[in-house]
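As stored in query_20.txt (compact mmCIF, C-alpha atoms and all ligand atoms):
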```
# COMPACT_ATOMS: atom_id res chain seq x y z
CA MET A 1 109.71 105.40 70.26
CA ILE A 2 106.42 105.51 72.07
CA TYR A 3 106.44 108.80 73.90
CA VAL A 4 104.56 108.97 77.15
CA VAL A 5 101.73 110.60 75.23
CA ALA A 6 100.08 112.13 78.25
CA THR A 7 100.81 115.40 79.94
CA VAL A 8 100.66 115.94 83.67
CA ARG A 9 100.07 119.65 83.39
CA TRP A 10 98.47 120.47 86.66
CA ILE A 11 100.10 119.84 89.99
CA PRO A 12 99.35 122.42 92.67
CA ASP A 13 102.21 123.79 94.78
CA GLY A 14 103.53 121.37 97.38
CA GLN A 15 101.88 118.25 95.87
CA LEU A 16 103.88 115.14 95.04
CA CYS A 17 105.74 115.52 91.74
CA PRO A 18 105.93 111.99 90.28
CA THR A 19 109.14 110.43 89.01
CA VAL A 20 108.09 108.61 85.87
CA PRO A 21 110.64 105.72 85.49
CA ASN A 22 109.75 104.11 88.82
CA ARG A 23 106.05 104.54 88.11
CA SER A 24 106.34 102.94 84.68
CA ASN A 25 108.37 100.01 86.08
CA TYR A 26 105.38 99.26 88.32
CA ILE A 27 102.98 99.50 85.36
CA HIS A 28 105.14 97.11 83.31
CA TRP A 29 105.35 94.65 86.21
CA ILE A 30 101.55 94.58 86.30
CA GLU A 31 101.57 94.06 82.54
CA ASP A 32 103.78 90.99 83.10
CA LEU A 33 101.47 89.68 85.84
CA LEU A 34 98.43 90.05 83.61
CA SER A 35 100.05 88.24 80.72
CA SER A 36 101.36 85.38 82.85
CA ASP A 37 99.24 82.26 82.75
CA LEU A 38 99.53 81.71 86.49
CA ILE A 39 95.87 82.45 87.13
CA PRO A 40 93.00 82.52 84.65
CA ARG A 41 91.30 85.72 83.54
CA ILE A 42 88.10 86.80 85.24
CA SER A 43 85.47 85.34 82.94
CA ASN A 44 83.33 88.44 82.45
CA SER A 45 86.27 90.79 81.90
CA SER A 46 86.28 92.69 78.61
CA GLU A 47 89.11 92.97 76.09
CA THR A 48 90.30 96.30 77.51
CA VAL A 49 92.37 95.83 80.65
CA ARG A 50 90.69 97.60 83.57
CA GLY A 51 92.64 98.87 86.57
CA PHE A 52 91.82 100.55 89.87
CA ASP A 53 94.38 103.07 91.18
CA ILE A 54 94.02 103.53 94.95
CA GLY A 55 95.10 107.08 95.84
CA THR A 56 95.61 108.39 92.34
CA GLY A 57 96.84 111.75 93.63
CA ALA A 58 96.66 115.19 92.01
CA ASN A 59 99.02 113.98 89.29
CA CYS A 60 96.86 110.95 88.33
CA ILE A 61 100.12 109.47 87.10
CA TYR A 62 99.29 105.74 86.95
CA PRO A 63 96.05 106.07 84.97
CA LEU A 64 97.72 108.51 82.57
CA LEU A 65 100.70 106.21 82.07
CA GLY A 66 98.64 103.01 81.81
CA ALA A 67 96.16 104.54 79.38
CA SER A 68 98.79 106.21 77.18
CA LEU A 69 101.34 103.38 77.10
CA LEU A 70 99.04 100.38 77.07
CA GLY A 71 95.49 101.54 76.33
CA TRP A 72 94.21 100.39 79.74
CA SER A 73 91.14 101.93 81.33
CA PHE A 74 91.18 103.06 84.96
CA VAL A 75 89.17 104.12 87.94
CA GLY A 76 91.34 106.35 90.14
CA SER A 77 90.25 107.00 93.72
CA ASP A 78 91.35 109.59 96.24
CA VAL A 79 90.14 111.29 99.39
CA THR A 80 91.36 114.88 99.32
CA ASP A 81 89.53 117.63 97.49
CA VAL A 82 92.79 118.92 96.01
CA ALA A 83 93.81 115.51 94.62
CA LEU A 84 90.34 114.83 93.21
CA GLU A 85 90.01 118.23 91.57
CA TRP A 86 93.47 118.27 90.01
CA ALA A 87 93.37 114.63 88.94
CA LYS A 88 90.21 115.46 86.97
CA ARG A 89 91.94 118.48 85.42
CA ASN A 90 94.89 116.31 84.39
CA VAL A 91 92.55 113.82 82.74
CA GLU A 92 90.65 116.59 80.95
CA SER A 93 93.89 118.06 79.65
CA ASN A 94 94.50 114.74 77.83
CA PRO A 95 91.27 114.50 75.80
CA HIS A 96 92.54 111.44 73.88
CA LEU A 97 92.64 109.50 77.18
CA ALA A 98 89.66 111.04 78.97
CA GLY A 99 87.29 108.24 77.95
CA LEU A 100 89.56 105.70 79.64
CA ILE A 101 89.86 107.32 83.08
CA GLU A 102 87.26 107.93 85.78
CA ILE A 103 88.06 109.63 89.08
CA ARG A 104 86.11 108.62 92.22
CA ASN A 105 85.90 110.11 95.67
CA ALA A 106 86.51 107.44 98.33
CA ASN A 107 85.14 109.85 100.91
CA GLU A 108 81.72 109.57 99.35
CA ALA A 109 81.69 105.96 100.46
CA PRO A 110 79.38 105.24 103.42
CA CYS A 111 80.87 105.97 106.92
CA SER A 112 83.98 107.58 105.48
CA SER A 113 83.78 111.11 106.87
CA LYS A 114 84.24 110.03 110.50
CA SER A 115 87.14 107.78 109.60
CA GLU A 116 88.78 110.55 107.63
CA THR A 117 88.65 112.96 110.56
CA VAL A 118 90.25 110.39 112.85
CA ALA A 119 92.93 109.70 110.26
CA GLU A 120 93.69 113.37 109.66
CA GLU A 121 93.92 114.04 113.41
CA ALA A 122 96.27 111.10 113.88
CA VAL A 123 98.57 112.36 111.11
CA ARG A 124 98.56 115.88 112.57
CA GLU A 125 99.27 114.62 116.08
CA ASN A 126 101.78 112.01 114.86
CA THR A 127 100.30 109.33 117.10
CA SER A 128 101.95 105.93 116.95
CA GLU A 129 98.96 103.72 117.67
CA PRO A 130 99.25 99.97 117.01
CA VAL A 131 98.71 99.18 113.34
CA ASP A 132 95.55 97.13 113.85
CA SER A 133 93.72 99.91 115.64
CA VAL A 134 94.67 102.61 113.13
CA VAL A 135 93.75 100.49 110.10
CA ARG A 136 90.09 101.14 110.89
CA SER A 137 90.69 104.88 110.93
CA ILE A 138 91.77 104.97 107.27
CA ALA A 139 89.03 105.95 104.81
CA PRO A 140 87.49 103.09 102.80
CA ILE A 141 89.58 101.57 100.07
CA PHE A 142 87.02 99.54 98.09
CA VAL A 143 83.82 99.55 100.18
CA GLY A 144 81.38 101.97 98.59
CA VAL A 145 83.93 102.90 95.91
CA VAL A 146 83.88 99.70 93.84
CA LYS A 147 80.38 99.02 92.53
CA ASP A 148 78.68 95.66 93.06
CA SER A 149 78.64 94.69 89.39
CA GLU A 150 82.20 95.80 88.64
CA SER A 151 85.29 93.71 88.03
CA PHE A 152 88.87 94.81 87.51
CA ASP A 153 91.95 93.07 86.16
CA PHE A 154 94.05 94.65 88.89
CA CYS A 155 94.34 97.31 91.53
CA MET A 156 97.50 99.27 92.24
CA CYS A 157 98.62 101.69 94.90
CA ASN A 158 101.46 104.00 95.76
CA PRO A 159 100.50 104.31 99.44
CA PRO A 160 101.28 107.11 101.85
CA PHE A 161 104.56 105.55 103.03
CA PHE A 162 105.07 107.32 106.34
CA GLU A 163 103.43 107.78 109.72
CA SER A 164 104.29 111.45 109.82
CA MET A 165 105.95 114.16 107.79
CA GLU A 166 108.84 114.08 110.28
CA GLU A 167 109.49 110.45 109.38
CA ALA A 168 109.32 111.30 105.67
CA GLY A 169 111.87 114.06 106.18
CA LEU A 170 114.28 111.66 107.89
CA ASN A 171 114.39 109.20 105.03
CA PRO A 172 117.36 110.14 102.83
CA LYS A 173 116.23 107.77 100.07
CA THR A 174 112.98 109.60 99.51
CA SER A 175 112.30 112.56 97.36
CA CYS A 176 109.90 114.11 99.79
CA ALA A 177 108.00 116.75 97.95
CA GLY A 178 104.39 116.15 98.82
CA THR A 179 101.71 117.15 101.29
CA ALA A 180 100.96 115.38 104.61
CA GLU A 181 97.87 113.68 103.09
CA GLU A 182 99.96 112.27 100.23
CA MET A 183 103.01 111.20 102.17
CA ALA A 184 101.66 110.12 105.55
CA CYS A 185 98.79 108.27 107.17
CA PRO A 186 98.28 106.85 110.66
CA GLY A 187 100.30 103.65 110.87
CA GLY A 188 102.17 104.50 107.65
CA GLU A 189 102.29 102.14 104.68
CA GLN A 190 102.00 99.09 106.91
CA ALA A 191 98.54 100.14 108.12
CA PHE A 192 97.45 101.39 104.69
CA ILE A 193 98.40 98.19 102.87
CA THR A 194 97.00 96.07 105.72
CA HIS A 195 93.72 97.90 105.09
CA ILE A 196 93.91 96.98 101.38
CA ILE A 197 94.64 93.34 102.29
CA GLU A 198 91.70 93.19 104.71
CA ASP A 199 89.35 94.78 102.16
CA SER A 200 90.64 92.49 99.42
CA VAL A 201 89.08 89.48 101.16
CA SER A 202 85.58 90.92 100.65
CA PHE A 203 86.43 91.92 97.07
CA LYS A 204 88.25 88.72 96.09
CA ASN A 205 85.90 88.10 93.17
CA SER A 206 86.07 91.66 91.86
CA PHE A 207 89.81 91.76 91.12
CA ARG A 208 92.13 89.36 89.34
CA TRP A 209 95.26 90.82 90.96
CA PHE A 210 95.61 93.05 94.02
CA THR A 211 98.91 94.94 94.06
CA SER A 212 100.69 97.63 96.01
CA MET A 213 104.03 99.37 96.02
CA VAL A 214 105.90 98.94 99.32
CA GLY A 215 108.51 101.46 100.48
CA ARG A 216 110.34 99.39 103.11
CA LYS A 217 111.72 95.89 102.76
CA ALA A 218 110.97 95.12 106.43
CA ASN A 219 107.29 95.87 105.81
CA LEU A 220 107.24 93.67 102.71
CA LYS A 221 107.97 90.53 104.74
CA LEU A 222 105.28 91.35 107.23
CA LEU A 223 102.73 92.17 104.56
CA VAL A 224 103.45 88.92 102.69
CA SER A 225 102.49 87.01 105.84
CA LYS A 226 99.31 89.07 106.20
CA VAL A 227 98.39 88.27 102.59
CA ARG A 228 98.92 84.57 103.27
CA GLU A 229 96.87 84.75 106.49
CA ALA A 230 94.08 86.42 104.47
CA GLY A 231 93.94 83.27 102.34
CA ALA A 232 95.45 84.43 99.05
CA SER A 233 96.18 81.61 96.65
CA VAL A 234 99.06 83.36 94.87
CA VAL A 235 101.58 85.89 96.23
CA LYS A 236 104.28 87.57 94.13
CA THR A 237 106.89 90.17 95.02
CA THR A 238 109.46 92.15 93.06
CA GLU A 239 112.00 94.91 93.57
CA PHE A 240 112.07 98.18 91.64
CA VAL A 241 115.39 100.01 91.66
CA GLN A 242 115.69 103.44 90.15
CA GLY A 243 118.84 105.41 90.84
CA GLN A 244 119.20 105.49 94.62
CA THR A 245 115.60 104.61 95.37
CA ALA A 246 114.47 101.04 95.99
CA ARG A 247 110.82 100.07 96.24
CA TRP A 248 109.08 96.71 96.26
CA GLY A 249 105.99 95.40 94.54
CA LEU A 250 103.53 93.09 96.29
CA ALA A 251 100.81 91.25 94.35
CA TRP A 252 98.28 88.67 95.43
CA SER A 253 95.18 86.94 94.17
CA PHE A 254 92.45 84.73 95.53
CA ILE A 255 91.85 83.06 92.18
CA ALA A 256 92.96 79.44 92.16
CA PRO A 257 96.11 78.99 90.08
CA ARG A 258 95.72 76.98 86.92
CA LYS A 259 95.81 73.29 87.71
CA ASN A 260 98.97 71.42 86.81
CA VAL A 261 100.80 74.24 85.11
CA ILE A 262 104.05 72.47 84.36
CA ARG A 263 107.07 74.61 83.65
CA SER A 264 109.42 73.17 81.07
CA SER A 265 112.93 72.41 82.27
CA THR A 266 114.29 75.35 80.29
CA PRO A 267 114.32 78.55 82.30
CA GLY A 268 112.89 81.49 80.40
CA LYS A 269 110.35 84.25 80.58
CA VAL A 270 107.98 85.68 78.01
CA HIS A 271 108.72 89.31 78.93
CA HIS A 272 112.00 91.00 79.69
CA SER A 273 112.97 94.62 80.16
CA PHE A 274 115.89 96.79 81.11
CA MET A 275 116.61 100.50 81.38
CA LEU A 276 119.27 102.47 79.55
CA GLN A 277 120.01 105.39 81.84
CA GLY A 278 122.44 108.25 81.25
CA LEU A 279 122.68 107.90 77.47
CA ARG A 280 125.76 109.50 75.96
CA ARG A 281 125.11 112.86 74.27
CA GLY A 282 123.59 112.73 70.81
CA ASN A 283 122.01 109.31 71.38
CA GLY A 284 118.33 108.60 71.73
CA ALA A 285 115.64 106.04 70.99
CA PHE A 286 116.27 106.15 67.24
CA GLN A 287 119.97 105.27 67.54
CA VAL A 288 119.17 102.51 70.06
CA LEU A 289 116.50 101.04 67.78
CA LYS A 290 118.93 100.99 64.84
CA SER A 291 121.66 99.39 66.94
CA ALA A 292 119.23 96.70 68.14
CA GLU A 293 118.31 96.01 64.52
CA THR A 294 121.99 95.66 63.59
CA PHE A 295 122.51 93.29 66.54
CA PHE A 296 119.74 90.92 65.40
CA CYS A 297 120.66 91.13 61.69
CA ALA A 298 124.25 90.23 62.61
CA SER A 299 122.84 87.05 64.20
CA ASN A 300 121.13 86.22 60.89
CA LEU A 301 117.68 86.81 62.33
CA SER A 302 114.95 88.39 60.26
CA CYS A 303 113.95 91.88 61.47
CA LYS A 304 110.93 94.01 60.66
CA THR A 305 111.51 97.47 62.09
CA ASP A 306 108.66 99.92 62.62
CA SER A 307 110.17 103.37 63.17
CA LEU A 308 106.80 104.88 64.04
CA SER A 309 106.09 102.63 67.00
CA PHE A 310 109.82 102.21 67.69
CA SER A 311 109.65 98.45 67.69
CA ILE A 312 111.31 95.54 65.91
CA ASP A 313 109.68 92.18 65.26
CA VAL A 314 112.41 89.54 65.19
CA THR A 315 111.67 86.14 63.67
CA LEU A 316 113.70 82.95 63.69
CA SER A 317 113.64 80.92 60.49
CA ASP A 318 112.16 77.41 60.71
CA GLU A 319 115.70 75.99 60.56
CA GLN A 320 116.90 78.24 63.41
CA THR A 321 113.82 77.29 65.42
CA GLN A 322 114.35 73.58 64.88
CA ALA A 323 118.03 73.93 65.82
CA ALA A 324 117.14 75.72 69.06
CA THR A 325 114.51 73.08 69.84
CA LEU A 326 117.09 70.34 69.33
CA ASP A 327 119.35 72.28 71.73
CA GLY A 328 116.72 71.74 74.41
CA ASP A 329 114.67 74.96 74.25
CA ASP A 330 110.93 74.39 74.54
CA LEU A 331 107.65 75.99 75.44
CA PRO A 332 107.93 78.18 78.54
CA GLY A 333 104.80 76.96 80.26
CA SER A 334 103.13 74.03 78.64
CA VAL A 335 99.79 73.30 80.24
CA GLU A 336 99.22 69.74 81.19
CA ASP A 337 96.05 68.31 82.62
CA ASP A 338 95.56 64.79 83.95
CA SER A 339 94.83 63.24 80.61
CA THR A 340 96.33 65.32 77.84
CA LYS A 341 99.60 67.01 77.22
CA VAL A 342 99.77 69.88 74.79
CA HIS A 343 102.45 69.04 72.24
CA SER A 344 103.64 71.66 69.87
CA THR A 345 105.54 71.79 66.65
CA VAL A 346 107.45 75.00 67.00
CA THR A 347 107.84 77.03 63.79
CA GLY A 348 108.89 80.61 63.13
CA ALA A 349 109.33 81.72 66.74
CA SER A 350 109.26 85.51 67.04
CA PHE A 351 109.54 88.28 69.56
CA ARG A 352 109.07 92.04 69.68
CA ILE A 353 111.58 94.57 70.98
CA SER A 354 110.15 98.00 71.87
CA VAL A 355 111.95 101.18 72.84
CA PHE A 356 110.14 103.60 75.16
CA GLU A 357 111.41 107.02 76.14
CA GLN A 358 110.89 107.42 79.89
CA MET A 359 112.48 110.85 80.24
CA PRO A 360 115.35 112.66 78.48
CA GLY A 361 118.41 110.39 78.66
CA THR A 362 116.51 107.33 79.90
CA LEU A 363 115.01 104.57 77.74
CA LEU A 364 113.10 101.43 78.65
CA ILE A 365 113.77 98.46 76.36
CA LYS A 366 111.12 95.78 76.47
CA GLY A 367 111.11 92.38 74.84
CA SER A 368 108.00 90.20 74.52
CA LEU A 369 107.86 86.70 73.13
CA LEU A 370 105.04 86.74 70.58
CA ASN A 371 104.19 83.08 70.29
CA LYS A 372 105.46 81.71 73.58
CA SER A 373 107.95 79.36 72.06
CA LEU A 374 111.70 79.19 72.57
CA SER A 375 111.72 81.23 75.75
CA GLY A 376 115.27 80.10 76.56
CA THR A 377 116.62 81.37 73.23
CA PHE A 378 114.70 84.62 73.66
CA THR A 379 116.06 85.09 77.20
CA SER A 380 119.61 84.51 76.08
CA LEU A 381 119.36 86.86 73.04
CA PHE A 382 117.73 89.55 75.14
CA SER A 383 120.48 89.50 77.75
CA GLN A 384 123.13 89.72 74.96
CA LEU A 385 121.22 92.69 73.53
CA GLU A 386 121.21 94.36 76.97
CA GLU A 387 124.98 93.97 77.27
CA THR A 388 125.58 95.25 73.73
CA LEU A 389 123.37 98.33 74.10
CA LYS A 390 124.73 99.21 77.55
CA THR A 391 128.30 98.99 76.28
CA GLU A 392 127.49 101.12 73.25
CA PHE A 393 125.26 103.79 74.76
CA VAL A 394 125.81 104.17 78.50
CA SER A 395 128.80 106.02 79.96
CA LYS A 396 131.17 103.74 81.90
CA ASP A 397 131.20 105.97 85.00
CA ARG A 398 127.55 105.19 85.78
C1 LIG A 401 101.75 108.75 97.96
S1 LIG A 401 100.28 109.49 97.30
C2 LIG A 401 100.27 108.73 95.68
C3 LIG A 401 99.84 109.65 94.59
C4 LIG A 401 100.06 109.10 93.17
N1 LIG A 401 99.41 107.83 92.99
C5 LIG A 401 101.55 108.96 92.88
O1 LIG A 401 102.02 107.82 92.74
O2 LIG A 401 102.25 109.97 92.79
C6 LIG A 401 98.98 108.66 98.17
C7 LIG A 401 97.58 109.14 97.82
O3 LIG A 401 96.63 108.32 98.51
C8 LIG A 401 95.52 109.13 98.85
N2 LIG A 401 94.71 108.41 99.86
C9 LIG A 401 94.86 108.33 101.20
N3 LIG A 401 93.91 107.54 101.73
C10 LIG A 401 93.14 107.07 100.70
C11 LIG A 401 92.01 106.19 100.60
N4 LIG A 401 91.47 105.61 101.66
N5 LIG A 401 91.48 105.94 99.37
C12 LIG A 401 92.02 106.52 98.27
N6 LIG A 401 93.09 107.36 98.32
C13 LIG A 401 93.64 107.62 99.51
C14 LIG A 401 96.17 110.44 99.30
O4 LIG A 401 95.27 111.51 99.30
C15 LIG A 401 97.28 110.57 98.25
O5 LIG A 401 96.83 111.31 97.14
```

Show the structure stored in the file as structure tokens.
Amino acid sequence: MIYVVATVRWIPDGQLCPTVPNRSNYIHWIEDLLSSDLIPRISNSSETVRGFDIGTGANCIYPLLGASLLGWSFVGSDVTDVALEWAKRNVESNPHLAGLIEIRNANEAPCSSKSETVAEEAVRENTSEPVDSVVRSIAPIFVGVVKDSESFDFCMCNPPFFESMEEAGLNPKTSCAGTAEEMACPGGEQAFITHIIEDSVSFKNSFRWFTSMVGRKANLKLLVSKVREAGASVVKTTEFVQGQTARWGLAWSFIAPRKNVIRSSTPGKVHHSFMLQGLRRGNGAFQVLKSAETFFCASNLSCKTDSLSFSIDVTLSDEQTQAATLDGDDLPGSVEDDSTKVHSTVTGASFRISVFEQMPGTLLIKGSLLNKSLSGTFTSLFSQLEETLKTEFVSKDR
């Protein structure tokens, strides 16, 4: 089991208390985006994945999760003194991660103080100005915060979703603890994310992926069209469901997609995940890991279990690989250019299953194909594993 080896120790009274499973689903979606071969990497990017968290909040939850789970480095921005001060405290209270996380004040960006005053007044007065006019009243997102020479693999954002605290209070699907600055901004999430989209055009070469969480499905549709109007070359969306709360993920990029990426006819992905929620008493990551091992051994697959990292490397023998290939499974995304096709002799296909504890009683099970072959076989085995583990460990009344 990989514990979330970061502590969010400091959250002042009234500030947003983060629910971890939804936050880590967003992180893992970004991980999938980064590992997809849809768009190339930014050429000058280093080995360590670098992210920018817009509105990191007092809890600094995304940088702490991303750094502890995946070793990513982050710049986290915010605009309120409370958020900036407490985010720094949270980073300092995790000395093993401190070198990976930098907190920046977006209000120190040029021309921000006037905008902030307008924005704060609008939230206080609960004005419902048209989105386009309030967008300009939101403090800078990237301008003056991202340095000229910098590049990031992605940005992420959990935006202030509402126009006012009254609106936040009316939404039964929202756990509303949080201050006005955290939860609301003039124009709500639509204006905030529109601001990110507009800024992203000027910073198109500084980020590989721009992403944001979206709280309302109706806004998602609208924002997708704004992203297209802005000239993005790739747009992706997803849905995150956690208990009663649904959120959506929006991602876009201005980098040209790889030319002639041909998907093989076999459907399959290189990463899969599912959650085990409401584990029966007495069960935890260790029992789930052992049960997953038994499942693969029973299918005559070779397993190497690492109880320290709570992962299993599963390998198909050459014969099993050849048999699956003959059954029609192939490379998930063979790259073809005009003149050459990449052929591959598939041997010893393998994948890794990892068990992460999200919170007591909730585990995230992740599967990653290690050598990108036999994605169809991997997909099918992973969905059988999901069914087996859910039947064994999760109460039926959930
Ligand atoms: C909903 S909270 C998210 C906090 C944290 N990321 C989380 O997921 O719990 C939104 C945050 O955005 C910050 N914020 C508002 N305008 C901003 C801007 N222009 N740049 C950076 N942060 C901003 C707020 O102060 C608040 O901390």

Polymer residues at most 8 Å from (95.4, 92.6, 107.4) by all atoms listed in the file, as an mmCIF file with C-alpha atoms, in the coordinates of the input:
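Generated file (part35.cif):
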```cif
data_model
loop_
_atom_site.group_PDB
_atom_site.id
_atom_site.type_symbol
_atom_site.label_atom_id
_atom_site.label_comp_id
_atom_site.auth_asym_id
_atom_site.auth_seq_id
_atom_site.Cartn_x
_atom_site.Cartn_y
_atom_site.Cartn_z
ATOM 1 C CA ASP A 132 95.550 97.130 113.850
ATOM 2 C CA ILE A 193 98.400 98.190 102.870
ATOM 3 C CA THR A 194 97.000 96.070 105.720
ATOM 4 C CA HIS A 195 93.720 97.900 105.090
ATOM 5 C CA ILE A 196 93.910 96.980 101.380
ATOM 6 C CA ILE A 197 94.640 93.340 102.290
ATOM 7 C CA GLU A 198 91.700 93.190 104.710
ATOM 8 C CA LEU A 223 102.730 92.170 104.560
ATOM 9 C CA LYS A 226 99.310 89.070 106.200
ATOM 10 C CA VAL A 227 98.390 88.270 102.590
ATOM 11 C CA ALA A 230 94.080 86.420 104.470
#
```

Ligand LIG 401 (chain A) neighbours within 8 Å using all atoms listed in the file, as an MDAnalysis selection string: chainID A and resid 16:19 23 53:62 77:80 83 105:107 138:142 157:161 178 181:185 192

Atomic separation - CA of Asn25 in chain A relative to CA of His271 in chain A, Å: 12.9 Å

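Proximity of A:Val20, A:Val270, A:Ala191, A:Met156 to Thr362 in chain A, computed with all atoms listed in the file, is greatest for A:Val20.
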
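Counting all atoms listed in the file and comparing A:Glu47, A:Asp32, A:Glu357, A:Asp306, the residue that lies closest to Phe152 in chain A is A:Glu47.
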
Atomic distance CA of Arg280 in chain A - CA of Asn300 in chain A, expressed in Å with one decimal: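 Answer for the CA of Arg280 in chain A to CA of Asn300 in chain A separation: 28.1 Å.
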
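Note that the spacing between CA of Asn94 in chain A and CA of Ser368 in chain A amounts to 28.2 Å.
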
Nearest residue to Lys390 in chain A from the set A:Ser149, A:Ser93, A:Gln244, A:Ser291 (distances using all atoms listed in the file): A:Ser291

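Here the question is which of A:Leu301, A:Ala285, A:Ala232, A:Met213 gets nearest to Trp29 in chain A using all atoms listed in the file, and that residue is A:Met213.
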
Which residues come within 6 Å of Ser233 in chain A, counting only C-alpha atoms, excluding same-chain residues fewer than 2 positions away, as a short mmCIF file (atom, residue, chain, number, x, y, z; two decimals) with C-alpha atoms, in the coordinates of the input?
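Output below, filename selection.cif:
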```cif
data_model
loop_
_atom_site.label_atom_id
_atom_site.label_comp_id
_atom_site.auth_asym_id
_atom_site.auth_seq_id
_atom_site.Cartn_x
_atom_site.Cartn_y
_atom_site.Cartn_z
CA SER A 253 95.18 86.94 94.17
CA PHE A 254 92.45 84.73 95.53
CA ALA A 256 92.96 79.44 92.16
#
```

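Candidate residues A:Leu65, A:Met359, A:Leu33, A:Ile27 were compared for distance to Thr237 in chain A, and the nearest is A:Leu33, using all atoms listed in the file.
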
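Among the candidate residues A:Asn90, A:Thr305, A:Ser212, A:Ser395, the one lying nearest to Gln277 in chain A is A:Ser395, with distances computed using only C-alpha atoms.
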
Quick one: axis-aligned box around all listed atoms of range 152-165 of chain A, 5 Å on every side, centre and edge lengths in Å to one decimal, written as lines of an AutoDock Vina configuration file.
```
center_x = 97.4
center_y = 103.6
center_z = 98.0
size_x = 27.1
size_y = 31.1
size_z = 33.7
```

Residues near Phe52 in chain A, cut-off 6 Å, all atoms listed in the file, skip fewer than 2 positions along chain, as a VMD selection string: chain A and resid 74 to 76 155

Kindly output range 278-291 of chain A as a short mmCIF file (atom, residue, chain, number, x, y, z; two decimals), keeping the file's coordinate frame, after building N, CA and C atoms.
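Heads up, here's the output in out_36.cif:
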```cif
data_model
loop_
_atom_site.label_atom_id
_atom_site.label_comp_id
_atom_site.auth_asym_id
_atom_site.auth_seq_id
_atom_site.Cartn_x
_atom_site.Cartn_y
_atom_site.Cartn_z
N GLY A 278 121.24 107.44 81.46
CA GLY A 278 122.44 108.25 81.25
C GLY A 278 123.03 108.02 79.88
N LEU A 279 122.18 108.10 78.84
CA LEU A 279 122.68 107.90 77.47
C LEU A 279 123.73 108.95 77.13
N ARG A 280 124.74 108.52 76.39
CA ARG A 280 125.76 109.50 75.96
C ARG A 280 125.10 110.54 75.06
N ARG A 281 125.67 111.74 75.06
CA ARG A 281 125.11 112.86 74.27
C ARG A 281 124.89 112.47 72.81
N GLY A 282 123.84 112.96 72.23
CA GLY A 282 123.59 112.73 70.81
C GLY A 282 122.90 111.39 70.54
N ASN A 283 122.68 110.60 71.59
CA ASN A 283 122.01 109.31 71.38
C ASN A 283 120.60 109.34 71.95
N GLY A 284 119.71 108.65 71.26
CA GLY A 284 118.33 108.60 71.73
C GLY A 284 117.70 107.31 71.26
N ALA A 285 116.37 107.27 71.31
CA ALA A 285 115.64 106.04 70.99
C ALA A 285 115.93 105.57 69.55
N PHE A 286 116.07 106.54 68.62
CA PHE A 286 116.27 106.15 67.24
C PHE A 286 117.58 105.38 67.07
N GLN A 287 118.65 105.92 67.65
CA GLN A 287 119.97 105.27 67.54
C GLN A 287 119.93 103.89 68.20
N VAL A 288 119.24 103.80 69.34
CA VAL A 288 119.17 102.51 70.06
C VAL A 288 118.39 101.49 69.23
N LEU A 289 117.30 101.95 68.62
CA LEU A 289 116.50 101.04 67.78
C LEU A 289 117.35 100.50 66.62
N LYS A 290 118.10 101.40 65.98
CA LYS A 290 118.93 100.99 64.84
C LYS A 290 120.02 100.01 65.28
N SER A 291 120.60 100.27 66.45
CA SER A 291 121.66 99.39 66.94
C SER A 291 121.09 98.00 67.28
#
```
